[in-house]
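Coordinates from data34.cif are shown below (mmCIF, C-alpha atoms).
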```
data_upload
loop_
_atom_site.label_atom_id
_atom_site.label_comp_id
_atom_site.auth_asym_id
_atom_site.auth_seq_id
_atom_site.Cartn_x
_atom_site.Cartn_y
_atom_site.Cartn_z
CA MET Y 698 62.74 52.34 127.86
CA ILE Y 699 61.52 48.70 127.59
CA THR Y 700 57.94 47.51 128.00
CA ILE Y 701 56.54 44.00 128.17
CA ASP Y 702 53.17 43.10 126.71
CA PRO Y 703 52.02 40.12 128.78
CA SER Y 704 49.25 39.34 126.27
CA SER Y 705 51.71 39.08 123.37
CA SER Y 706 52.53 35.73 121.81
CA VAL Y 707 56.16 36.92 121.65
CA ALA Y 708 58.25 35.55 124.52
CA PRO Y 709 59.25 38.17 127.13
CA PHE Y 710 63.00 37.67 126.53
CA GLU Y 711 62.41 38.32 122.81
CA GLN Y 712 60.42 41.45 123.59
CA VAL Y 713 63.36 42.73 125.66
CA ARG Y 714 65.93 41.68 123.04
CA SER Y 715 64.07 43.15 120.08
CA GLN Y 716 63.25 46.45 121.80
CA PHE Y 717 66.88 46.97 122.83
CA ALA Y 718 68.08 45.97 119.35
CA GLN Y 719 65.66 48.45 117.77
CA GLN Y 720 66.72 51.25 120.12
CA ILE Y 721 70.38 50.55 119.37
CA THR Y 722 69.73 50.41 115.62
CA ASP Y 723 67.70 53.64 115.75
CA ARG Y 724 70.49 55.19 117.85
CA ALA Y 725 68.04 56.00 120.63
CA LEU Y 726 70.66 54.16 122.69
CA PRO Y 727 74.01 55.50 121.49
CA VAL Y 728 77.33 53.68 121.54
CA GLY Y 729 78.60 53.66 125.12
CA ALA Y 730 75.17 53.99 126.76
CA LYS Y 731 74.97 51.97 129.96
CA LEU Y 732 72.13 49.47 130.24
CA PRO Y 733 70.41 48.61 133.51
CA THR Y 734 71.73 45.58 135.35
CA VAL Y 735 69.98 42.31 134.62
CA ARG Y 736 68.53 42.22 138.11
CA ALA Y 737 67.35 45.86 138.06
CA LEU Y 738 65.66 45.48 134.68
CA ALA Y 739 64.06 42.19 135.72
CA VAL Y 740 62.57 43.84 138.81
CA GLU Y 741 61.41 46.86 136.79
CA LEU Y 742 59.69 44.68 134.19
CA GLY Y 743 58.43 42.03 136.60
CA LEU Y 744 60.43 39.28 134.89
CA ALA Y 745 62.78 36.59 136.09
CA ALA Y 746 66.44 37.60 136.01
CA ASN Y 747 67.17 34.63 133.72
CA THR Y 748 64.72 36.02 131.16
CA VAL Y 749 66.56 39.35 130.98
CA ALA Y 750 69.93 37.58 131.07
CA LYS Y 751 68.93 35.53 128.01
CA ALA Y 752 68.02 38.71 126.12
CA TYR Y 753 71.33 40.33 127.11
CA ARG Y 754 73.25 37.18 126.03
CA GLU Y 755 71.66 37.27 122.60
CA LEU Y 756 72.35 40.98 122.23
CA GLU Y 757 75.96 40.39 123.21
CA GLU Y 758 76.29 37.49 120.74
CA ALA Y 759 74.97 39.83 118.03
CA GLY Y 760 77.64 42.36 118.96
CA LEU Y 761 75.15 45.04 119.98
CA ILE Y 762 76.15 45.20 123.63
CA GLU Y 763 79.19 44.31 125.70
CA THR Y 764 79.59 43.45 129.35
CA ARG Y 765 82.56 45.00 131.10
CA GLY Y 766 82.61 42.98 134.29
CA ARG Y 767 81.58 44.96 137.36
CA ALA Y 768 81.44 48.19 135.31
CA GLY Y 769 78.22 46.99 133.69
CA THR Y 770 76.72 46.42 130.27
CA PHE Y 771 77.05 48.99 127.50
CA VAL Y 772 75.98 49.55 123.91
CA SER Y 773 78.88 48.29 121.86
CA ALA Y 774 80.77 50.12 119.16
CA ALA Y 775 80.70 46.79 117.31
CA GLY Y 776 76.99 47.40 116.78
CA GLN Y 777 77.95 50.53 114.87
CA GLN Y 778 80.44 48.45 112.87
CA SER Y 779 77.63 46.05 111.99
CA ARG Y 780 75.61 48.98 110.69
CA ILE Y 781 78.53 50.09 108.51
CA VAL Y 782 78.98 46.57 107.12
CA ILE Y 783 75.30 46.20 106.26
CA GLN Y 784 75.19 49.67 104.67
CA ARG Y 785 78.10 48.68 102.42
CA ALA Y 786 76.34 45.42 101.53
CA ALA Y 787 73.16 47.35 100.71
CA ARG Y 788 75.07 49.78 98.53
CA ASP Y 789 76.74 46.86 96.69
CA TYR Y 790 73.37 45.14 96.27
CA ALA Y 791 71.79 48.30 94.87
CA GLN Y 792 74.61 48.69 92.34
CA GLN Y 793 74.29 45.04 91.31
CA ALA Y 794 70.49 45.31 91.01
CA ARG Y 795 70.82 48.40 88.79
CA ALA Y 796 73.48 46.68 86.67
CA LEU Y 797 71.10 43.74 86.14
CA GLY Y 798 68.27 46.07 85.17
CA LEU Y 799 66.05 45.36 88.18
CA SER Y 800 63.55 48.02 89.19
CA ALA Y 801 63.70 49.40 92.71
CA ASP Y 802 60.45 47.58 93.50
CA GLU Y 803 61.86 44.25 92.29
CA ALA Y 804 65.09 44.72 94.22
CA LEU Y 805 63.18 45.60 97.40
CA SER Y 806 60.88 42.60 96.97
CA ILE Y 807 63.89 40.31 96.79
CA VAL Y 808 65.32 41.81 99.99
CA GLU Y 809 61.95 41.56 101.76
CA ALA Y 810 61.64 37.92 100.76
CA ALA Y 811 65.15 37.20 102.00
CA LEU Y 812 64.49 38.92 105.32
CA SER Y 813 61.25 37.02 105.88
CA ALA Y 814 62.75 33.63 104.97
CA ASN Y 815 63.45 31.33 107.88
#
```
Once you've parsed the file, please lay out its structure as structure tokens.
Amino acid sequence: MITIDPSSSVAPFEQVRSQFAQQITDRALPVGAKLPTVRALAVELGLAANTVAKAYRELEEAGLIETRGRAGTFVSAAGQQSRIVIQRAARDYAQQARALGLSADEALSIVEAALSAN
């Protein structure tokens, strides 16, 4: 499910966060899927519980997961809503780019530049 590369320059919490986010986005983890507890995942990955908790917090703030008290942590339907919102925005952008006479390559370059901007 999640792997940590100890030789990576990417912080362990970010490795956990980004891998879960990717799996949710790719629908490898469907809406409603239960995630391991913070403690269980920390033990499995050999990380501190606070490291995993930070990743879960960021995923929750992004609306990708939700914690339901003692029931556990689950992939949120809000994550699916985010996908719908961004798909609409992409469709609107594509229509606007075509209306302005931009080529597909130009339009994609603009999006890539925006995504890589800090």
Next item on the list: Could you tell me how far atom CA of Y:Gln720 lies from atom CA of Y:Asp802, in Å and to one decimal?
Entry: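 Value for the atom CA of Y:Gln720-atom CA of Y:Asp802 distance: 27.6 Å.
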Margin query: For Y:Pro727, find every residue with an atom within 12 Å (counting all atoms listed in the file), except residues of its own chain fewer than 3 positions away, and show them as a VMD selection string.
Written below: chain Y and resid 717 to 724 730 to 732 761 to 762 771 to 777
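The gap separating atom CA of Y:Arg714 from atom CA of Y:Val749 is 8.3 Å, in Å to one decimal.
Counting from atom CA of Y:Ile701, the distance to atom CA of Y:Val713 is 7.4 Å.
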Item checked: Minimum-distance residue to Y:Lys751, chosen among Y:Met698, Y:Gly729, Y:Phe710, Y:Thr764 (using all atoms listed in the file) ->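 The answer is Y:Phe710, which sits nearest to Y:Lys751.
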Note to self: Please determine, counting all atoms listed in the file, which residue among Y:Leu805, Y:Ala737, Y:Ile699, Y:Leu742 has the shortest atom-to-atom distance to Y:Tyr790.
What the structure shows: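 Of the candidates, the smallest distance to Y:Tyr790 is held by Y:Leu805.
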Checklist line | Spatial neighbours of Y:Ala745, max dist 10 Å, all atoms listed in the file, sep filter under 3 positions, as number ranges by chain | finding: Y: 709-710, 735-736, 738-740, 742, 748-750
Taking all atoms of stretch 702-718 of chain Y that appear in the file, build a box with edges along x, y and z, extend it by 8 Å on every side, and state its centre and edge lengths in Å to one decimal, as AutoDock Vina command-line options.
```
--center_x 58.7 --center_y 41.3 --center_z 124.1 --size_x 34.8 --size_y 27.4 --size_z 25.4
```
Please complete stretch 729-740 of chain Y with all heavy atoms and give it back as a compact mmCIF listing (two decimals), in the coordinates of the input.
```txt
# COMPACT_ATOMS: atom_id res chain seq x y z
N GLY Y 729 78.10 53.29 123.80
CA GLY Y 729 78.60 53.66 125.12
C GLY Y 729 77.53 53.83 126.17
O GLY Y 729 77.84 53.96 127.36
N ALA Y 730 76.25 53.84 125.77
CA ALA Y 730 75.17 53.99 126.76
C ALA Y 730 75.17 52.78 127.68
O ALA Y 730 75.32 51.65 127.24
CB ALA Y 730 73.82 54.12 126.06
N LYS Y 731 75.00 53.06 128.97
CA LYS Y 731 74.97 51.97 129.96
C LYS Y 731 73.55 51.44 130.10
O LYS Y 731 72.60 52.21 130.23
CB LYS Y 731 75.48 52.47 131.31
CG LYS Y 731 75.63 51.37 132.32
CD LYS Y 731 76.29 51.85 133.60
CE LYS Y 731 76.48 50.68 134.54
NZ LYS Y 731 77.16 51.08 135.77
N LEU Y 732 73.43 50.12 130.06
CA LEU Y 732 72.13 49.47 130.24
C LEU Y 732 71.92 49.16 131.71
O LEU Y 732 72.89 49.00 132.47
CB LEU Y 732 72.08 48.17 129.43
CG LEU Y 732 72.26 48.29 127.92
CD1 LEU Y 732 72.11 46.92 127.27
CD2 LEU Y 732 71.29 49.27 127.32
N PRO Y 733 70.67 49.01 132.12
CA PRO Y 733 70.41 48.61 133.51
C PRO Y 733 70.99 47.22 133.77
O PRO Y 733 71.14 46.42 132.85
CB PRO Y 733 68.89 48.58 133.61
CG PRO Y 733 68.35 49.11 132.33
CD PRO Y 733 69.45 49.16 131.34
N THR Y 734 71.27 46.93 135.01
CA THR Y 734 71.73 45.58 135.35
C THR Y 734 70.60 44.60 135.06
O THR Y 734 69.43 44.98 135.00
CB THR Y 734 72.12 45.46 136.83
OG1 THR Y 734 70.93 45.65 137.63
CG2 THR Y 734 73.19 46.46 137.23
N VAL Y 735 70.97 43.35 134.87
CA VAL Y 735 69.98 42.31 134.62
C VAL Y 735 68.95 42.29 135.73
O VAL Y 735 67.74 42.30 135.49
CB VAL Y 735 70.67 40.93 134.49
CG1 VAL Y 735 69.66 39.80 134.55
CG2 VAL Y 735 71.48 40.86 133.20
N ARG Y 736 69.43 42.30 136.95
CA ARG Y 736 68.53 42.22 138.11
C ARG Y 736 67.61 43.44 138.18
O ARG Y 736 66.40 43.31 138.38
CB ARG Y 736 69.35 42.10 139.39
CG ARG Y 736 68.48 41.83 140.60
CD ARG Y 736 69.30 41.47 141.80
NE ARG Y 736 69.91 40.16 141.54
CZ ARG Y 736 70.92 39.65 142.22
NH1 ARG Y 736 71.46 40.33 143.19
NH2 ARG Y 736 71.39 38.47 141.93
N ALA Y 737 68.16 44.64 137.98
CA ALA Y 737 67.35 45.86 138.06
C ALA Y 737 66.28 45.88 136.99
O ALA Y 737 65.12 46.23 137.26
CB ALA Y 737 68.24 47.09 137.96
N LEU Y 738 66.64 45.48 135.76
CA LEU Y 738 65.66 45.48 134.68
C LEU Y 738 64.60 44.41 134.91
O LEU Y 738 63.41 44.63 134.67
CB LEU Y 738 66.33 45.28 133.32
CG LEU Y 738 65.42 45.41 132.11
CD1 LEU Y 738 64.74 46.78 132.06
CD2 LEU Y 738 66.20 45.15 130.82
N ALA Y 739 65.02 43.26 135.42
CA ALA Y 739 64.06 42.19 135.72
C ALA Y 739 63.03 42.66 136.74
O ALA Y 739 61.82 42.44 136.56
CB ALA Y 739 64.80 40.95 136.22
N VAL Y 740 63.49 43.34 137.79
CA VAL Y 740 62.57 43.84 138.81
C VAL Y 740 61.64 44.89 138.20
O VAL Y 740 60.42 44.85 138.41
CB VAL Y 740 63.36 44.43 140.01
CG1 VAL Y 740 62.46 45.22 140.93
CG2 VAL Y 740 64.06 43.31 140.78
```
